[in-house]
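Asker: Below is the file model.tsv, with TSV, C-alpha atoms and all ligand atoms.
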chain	number	residue	atom	x	y	z
D	430	MET	CA	109.85	88.17	98.99
D	431	GLU	CA	107.91	85.36	100.59
D	432	ILE	CA	104.92	87.44	101.67
D	433	ASP	CA	103.87	90.03	99.13
D	434	LYS	CA	103.49	93.42	100.81
D	435	LYS	CA	100.73	94.47	98.41
D	436	VAL	CA	98.68	91.40	99.23
D	437	LEU	CA	99.26	91.91	102.93
D	438	ARG	CA	98.15	95.55	102.76
D	439	LYS	CA	94.93	94.57	101.03
D	440	GLN	CA	94.26	91.71	103.47
D	441	MET	CA	94.79	93.94	106.46
D	442	GLN	CA	92.56	96.68	105.11
D	443	ASP	CA	89.82	94.14	104.45
D	444	ARG	CA	90.08	92.80	108.01
D	445	MET	CA	89.96	96.29	109.48
D	446	LYS	CA	86.86	97.10	107.45
D	447	GLU	CA	85.07	94.26	109.22
D	448	LEU	CA	85.03	96.21	112.48
D	449	SER	CA	81.52	97.45	113.21
D	450	LYS	CA	81.07	101.16	113.89
D	451	PRO	CA	80.71	100.58	117.66
D	452	GLU	CA	83.82	98.36	117.69
D	453	TYR	CA	85.75	100.93	115.66
D	454	GLU	CA	84.70	103.74	117.99
D	455	GLN	CA	85.36	101.83	121.21
D	456	LEU	CA	88.75	100.43	120.17
D	457	SER	CA	89.85	103.81	118.80
D	458	TYR	CA	88.82	105.38	122.11
D	459	GLN	CA	90.80	102.79	124.11
D	460	ILE	CA	93.88	103.41	121.97
D	461	ALA	CA	93.54	107.16	122.40
D	462	CYS	CA	93.16	106.91	126.21
D	463	SER	CA	96.20	104.69	126.39
D	464	LEU	CA	98.21	107.23	124.37
D	465	TYR	CA	97.22	110.01	126.81
D	466	SER	CA	98.73	107.99	129.69
D	467	THR	CA	102.25	108.09	128.19
D	468	PRO	CA	105.06	110.65	128.58
D	469	LEU	CA	105.22	110.65	124.78
D	470	TRP	CA	101.90	112.46	124.98
D	471	SER	CA	102.16	114.46	128.19
D	472	GLN	CA	105.64	115.79	127.46
D	473	ALA	CA	104.92	116.74	123.85
D	474	LYS	CA	104.18	120.38	123.09
D	475	THR	CA	104.00	119.75	119.36
D	476	ILE	CA	102.34	116.59	118.04
D	477	GLY	CA	102.73	115.37	114.45
D	478	ILE	CA	99.71	113.32	113.47
D	479	THR	CA	97.95	112.21	110.31
D	480	VAL	CA	94.26	112.85	109.85
D	481	SER	CA	92.89	109.31	109.91
D	482	LYS	CA	90.70	107.82	107.26
D	483	ALA	CA	88.57	104.84	108.37
D	484	PRO	CA	89.22	101.95	108.89
D	485	GLU	CA	92.48	103.26	110.42
D	486	ALA	CA	92.23	103.97	114.17
D	487	ASP	CA	90.58	107.36	114.61
D	488	THR	CA	92.87	110.34	115.16
D	489	TRP	CA	90.27	113.12	114.88
D	490	GLN	CA	89.49	112.72	118.59
D	491	ILE	CA	93.22	112.86	119.39
D	492	ILE	CA	93.58	116.12	117.48
D	493	ARG	CA	90.67	117.60	119.48
D	494	LYS	CA	92.22	116.40	122.74
D	495	ALA	CA	95.56	117.95	121.81
D	496	TRP	CA	93.85	121.28	121.11
D	497	ASP	CA	92.00	121.03	124.46
D	498	GLU	CA	95.34	120.56	126.21
D	499	GLY	CA	96.96	123.50	124.42
D	500	LYS	CA	99.28	121.37	122.31
D	501	ARG	CA	100.29	122.39	118.83
D	502	VAL	CA	99.00	119.97	116.18
D	503	VAL	CA	100.87	119.58	112.93
D	504	VAL	CA	99.59	117.38	110.11
D	505	PRO	CA	101.36	116.13	107.00
D	506	LYS	CA	100.97	117.17	103.43
D	507	CYS	CA	102.43	114.71	100.92
D	508	ILE	CA	104.35	116.06	97.96
D	509	PRO	CA	103.92	113.28	95.37
D	510	GLN	CA	106.55	114.69	92.97
D	511	SER	CA	109.37	114.34	95.50
D	512	LYS	CA	107.69	111.71	97.74
D	513	GLN	CA	108.46	114.02	100.67
D	514	MET	CA	106.10	115.25	103.39
D	515	GLU	CA	105.80	118.62	105.03
D	516	PHE	CA	104.00	119.28	108.31
D	517	ARG	CA	101.67	122.24	108.72
D	518	GLU	CA	100.02	123.65	111.84
D	519	LEU	CA	96.34	122.77	112.09
D	520	ASN	CA	94.08	124.97	114.20
D	521	SER	CA	90.74	124.07	112.65
D	522	PHE	CA	89.41	121.05	110.78
D	523	MET	CA	88.09	123.57	108.27
D	524	ASP	CA	91.68	124.27	107.23
D	525	LEU	CA	91.84	120.75	105.74
D	526	GLU	CA	91.26	120.00	102.08
D	527	SER	CA	90.48	116.72	100.41
D	528	VAL	CA	93.26	115.46	98.19
D	529	PHE	CA	93.95	112.09	96.55
D	530	TYR	CA	92.29	108.89	97.81
D	531	GLY	CA	89.91	110.97	99.94
D	532	LEU	CA	92.72	111.85	102.36
D	533	TRP	CA	92.47	115.10	104.30
D	534	GLU	CA	95.51	117.32	104.25
D	535	PRO	CA	96.26	120.87	105.43
D	536	ASN	CA	95.40	123.55	102.91
D	537	PRO	CA	98.70	125.38	102.24
D	538	GLU	CA	96.86	128.67	101.86
D	539	LYS	CA	95.41	128.40	105.34
D	540	THR	CA	98.22	126.77	107.32
D	541	ASP	CA	101.89	127.44	108.06
D	542	GLU	CA	104.67	124.92	107.66
D	543	VAL	CA	106.43	123.71	110.83
D	544	ARG	CA	109.95	122.33	110.66
D	545	SER	CA	110.43	118.66	111.58
D	546	GLU	CA	112.83	119.65	114.41
D	547	GLU	CA	109.89	121.28	116.17
D	548	ILE	CA	107.88	118.04	116.39
D	549	ASP	CA	108.23	116.42	119.83
D	550	THR	CA	106.14	113.31	119.20
D	551	LEU	CA	105.19	111.92	115.82
D	552	ILE	CA	102.28	109.52	115.54
D	553	VAL	CA	103.29	107.29	112.65
D	554	PRO	CA	100.50	105.63	110.66
D	555	GLY	CA	100.66	102.14	109.21
D	556	LEU	CA	98.72	99.05	108.24
D	557	ALA	CA	100.62	96.33	110.11
D	558	TYR	CA	103.30	96.18	112.76
D	559	MET	CA	105.75	93.73	114.23
D	560	LYS	CA	106.53	93.74	117.95
D	561	ASN	CA	109.97	95.16	117.22
D	562	GLY	CA	108.46	98.34	115.81
D	563	PHE	CA	108.78	97.74	112.08
D	564	ARG	CA	105.75	98.85	110.14
D	565	LEU	CA	104.06	98.12	106.90
D	566	GLY	CA	102.91	101.46	105.55
D	567	PHE	CA	100.52	102.31	102.78
D	568	GLY	CA	103.15	101.78	100.13
D	569	GLY	CA	104.46	105.27	99.46
D	570	GLY	CA	107.47	105.08	101.75
D	571	TYR	CA	106.72	108.67	102.88
D	572	TYR	CA	107.32	107.99	106.57
D	573	ASP	CA	110.47	105.95	105.94
D	574	ARG	CA	111.91	108.93	104.09
D	575	PHE	CA	110.77	111.36	106.78
D	576	LEU	CA	112.05	109.25	109.70
D	577	GLU	CA	115.51	109.09	108.17
D	578	HIS	CA	116.14	112.66	109.35
D	579	TYR	CA	113.59	113.01	112.14
D	580	LYS	CA	115.05	113.17	115.67
D	581	GLY	CA	111.95	113.33	117.90
D	582	ARG	CA	109.90	110.56	119.53
D	583	THR	CA	107.74	108.14	117.53
D	584	VAL	CA	104.66	106.09	118.37
D	585	SER	CA	102.18	104.11	116.30
D	586	LEU	CA	98.54	103.44	117.09
D	587	ALA	CA	96.93	100.23	115.91
D	588	PHE	CA	94.12	97.81	116.43
D	589	GLU	CA	95.42	94.62	118.03
D	590	MET	CA	94.71	92.71	114.78
D	591	GLN	CA	97.31	94.87	112.99
D	592	VAL	CA	100.16	93.44	115.04
D	593	ILE	CA	101.41	90.41	113.16
D	594	THR	CA	104.37	88.09	113.47
D	595	ARG	CA	106.20	88.84	110.29
D	596	PHE	CA	106.31	90.68	107.00
D	597	PRO	CA	109.16	91.71	104.72
D	598	VAL	CA	111.39	94.46	106.10
D	599	GLU	CA	113.72	96.31	103.76
D	600	ASN	CA	116.85	98.38	104.39
D	601	HIS	CA	115.00	101.67	104.10
D	602	ASP	CA	112.30	100.72	106.65
D	603	LYS	CA	112.45	102.63	109.93
D	604	PRO	CA	110.91	101.22	113.15
D	605	VAL	CA	108.84	103.22	115.66
D	606	GLU	CA	109.71	103.54	119.34
D	607	MET	CA	106.38	102.54	120.83
D	608	ILE	CA	103.23	100.76	119.69
D	609	ILE	CA	99.87	101.26	121.35
D	610	THR	CA	96.91	99.00	120.64
D	611	ASP	CA	93.48	98.67	122.19
D	612	GLN	CA	94.91	95.91	124.39
D	613	GLN	CA	98.52	96.78	125.14
D	614	LEU	CA	101.30	99.31	124.94
D	615	TRP	CA	104.98	98.59	124.63
D	616	ALA	CA	108.35	100.12	123.85
D	617	THR	CA	109.55	98.30	120.76
D	618	GLY	CA	113.19	98.19	121.82
D	619	ASP	CA	112.10	95.84	124.61
D	620	ALA	CA	110.05	93.58	122.34
W	1	LIG	N1	114.57	106.66	102.56
W	1	LIG	C1	114.18	106.31	101.32
W	1	LIG	N2	114.85	106.76	100.23
W	1	LIG	C2	114.45	106.42	99.00
W	1	LIG	N3	113.42	105.62	98.74
W	1	LIG	C3	112.72	105.15	99.77
W	1	LIG	C4	113.06	105.47	101.12
W	1	LIG	N4	112.18	104.87	101.92
W	1	LIG	C5	111.32	104.19	101.13
W	1	LIG	N5	111.65	104.35	99.84
W	1	LIG	C6	110.95	103.77	98.70
W	1	LIG	O1	109.55	103.94	98.86
W	1	LIG	C7	108.87	102.82	98.35
W	1	LIG	C8	107.83	102.32	99.32
W	1	LIG	O2	108.45	101.88	100.50
W	1	LIG	P1	107.77	100.76	101.39
W	1	LIG	O3	108.61	100.57	102.63
W	1	LIG	O4	107.46	99.55	100.57
W	1	LIG	O5	106.38	101.43	101.74
W	1	LIG	P2	105.69	101.63	103.14
W	1	LIG	O6	106.74	101.94	104.17
W	1	LIG	O7	104.75	102.76	102.89
W	1	LIG	O8	105.00	100.34	103.43
W	1	LIG	C9	109.91	101.75	98.04
W	1	LIG	O9	110.04	101.66	96.65
W	1	LIG	C10	111.17	102.27	98.68
W	1	LIG	O10	112.31	101.93	97.94
W	2	MG	MG	108.37	100.97	104.62
Take the structure from the file and write it as structure tokens.
Ligand SMILES: Nc1ncnc2c1ncn2[C@@H]1O[C@H](COP(=O)(O)OP(=O)(O)O)[C@@H](O)[C@H]1O
Ligand SMILES: [Mg+2]

Answerer:
Amino acid sequence: MEIDKKVLRKQMQDRMKELSKPEYEQLSYQIACSLYSTPLWSQAKTIGITVSKAPEADTWQIIRKAWDEGKRVVVPKCIPQSKQMEFRELNSFMDLESVFYGLWEPNPEKTDEVRSEEIDTLIVPGLAYMKNGFRLGFGGGYYDRFLEHYKGRTVSLAFEMQVITRFPVENHDKPVEMIITDQQLWATGDA
């Protein structure tokens, strides 16, 4: 592998951490507004979305917006033993609990599981993207496993700096359908 994925993940996280708070807020807001302009958003009744942890683009505001619009919000819980994810309906941020790495996940005692077939649009997180929709994740392969069987729409949100020309893609990697950054939005099949 000519470019080490681990090194690339670290480099990208370091670059993202250099965004000032105002930059982070403004760019996250631009990304969110751009998402709201798409049919992937307007047509979705159930949105699958991770609860962001800075310096990833903010999704807390997107969750609030979805609630405002009467959409159902489902958020993932990782099952480390099986490396699978399950999505659970989130109706209050207070139904989240802090798990490993300071990530926020739905508390299983306070939330109900929702089957993947019920998700209309899934917002897929990642650290880096290529124009053709392939993504470098956080290293767990959770979304690659999930996307193997998922049939709904997919979109990723990223800061423009996270779109790079190339990184290693493996057989198990699954591309997303659309990428939205603070500067542009495109369907990856057309890239
Ligand atoms: N569908 C899958 N079935 C089995 N293992 C998988 C699958 N998808 C990913 N993996 C494994 O998960 C690990 C992490 O995948 P990788 O693509 O490097 O991470 P990420 O997508 O989070 O950047 C790899 O060891 C990979 O073999
Ligand atoms: Mg992958």

Asker: Which chain D residues have any atom within 9 Å of an atom of ligand LIG 1 (chain W), and for each, what is the nearest pair of atoms with distance in Å to one decimal, counting only C-alpha atoms and all ligand atoms, rows sorted by chain and number, as a tab-separated table?

Answerer:
residue	atom	partner	partner_atom	distance
D:Lys434	CA	W:LIG1	O4	7.3
D:Lys435	CA	W:LIG1	O4	8.7
D:Arg438	CA	W:LIG1	O8	8.4
D:Lys512	CA	W:LIG1	O1	8.1
D:Gly555	CA	W:LIG1	O8	7.4
D:Leu556	CA	W:LIG1	O8	8.0
D:Ala557	CA	W:LIG1	O8	8.9
D:Arg564	CA	W:LIG1	O6	6.8
D:Leu565	CA	W:LIG1	O8	4.2
D:Gly566	CA	W:LIG1	O8	3.2
D:Phe567	CA	W:LIG1	O7	4.3
D:Gly568	CA	W:LIG1	O7	3.3
D:Gly569	CA	W:LIG1	O7	4.3
D:Gly570	CA	W:LIG1	O2	3.6
D:Tyr571	CA	W:LIG1	O7	6.2
D:Tyr572	CA	W:LIG1	O6	6.5
D:Asp573	CA	W:LIG1	N4	4.5
D:Arg574	CA	W:LIG1	N1	3.8
D:Phe575	CA	W:LIG1	N1	7.4
D:Leu576	CA	W:LIG1	N1	8.0
D:Glu577	CA	W:LIG1	N1	6.2
D:Val598	CA	W:LIG1	O3	7.6
D:Glu599	CA	W:LIG1	O3	6.7
D:Asn600	CA	W:LIG1	N4	8.4
D:His601	CA	W:LIG1	N4	4.8
D:Asp602	CA	W:LIG1	O3	5.5
D:Lys603	CA	W:LIG1	O6	8.1

Asker: For Leu551 (chain D), work out the shell of residues within 7 Å, counting all atoms listed in the file and skipping chain neighbours fewer than 2 positions away, then give it as a ChimeraX atom specification.

Answerer: /D:476-478,548-549,553,582-584

Asker: I need every residue sitting at most 12 Å from the point (93.3, 103.6, 126.7) (coordinates as in the file, all atoms listed in the file considered), written as a PyMOL selection string.

Answerer: chain D and resi 455-467+491+586-588+609-614

Asker: Compile the contact shell of region 519-524 of chain D as a list of chain:residue names: residues with an atom at most 10 Å away, counting all atoms listed in the file, same-chain residues fewer than 5 positions apart removed.

Answerer: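 These residues fall inside the cut-off: D:Val480, D:Trp489, D:Ile492, D:Arg493, D:Trp496, D:Arg501, D:Val502, D:Val503, D:Val504, D:Pro505, D:Trp533, D:Glu534, D:Pro535, D:Asn536, D:Pro537, D:Glu538, D:Lys539, D:Thr540, D:Asp541, D:Glu542.
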
Asker: Tell me, in Å to one decimal, how far CA of Ile432 (chain D) is from CA of Gly562 (chain D).

Answerer: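 Pair CA of Ile432 (chain D) / CA of Gly562 (chain D) returns 18.2 Å.
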
Asker: Just give me the gap between CA of Glu515 (chain D) and CA of Ser527 (chain D) in Å, one decimal is fine.

Answerer: 16.1 Å

Asker: When you count only C-alpha atoms, which of these residues is closest to Ala483 (chain D): D:Val605, D:Ala495, D:Leu437, D:Leu532?

Answerer: D:Leu532

Asker: Which is closest to ligand MG 2 (chain W) among D:Phe516, D:Tyr453, D:Phe596, D:Trp615, if we use only C-alpha atoms and all ligand atoms?

Answerer: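 The closest residue to ligand MG 2 (chain W) is D:Phe596.
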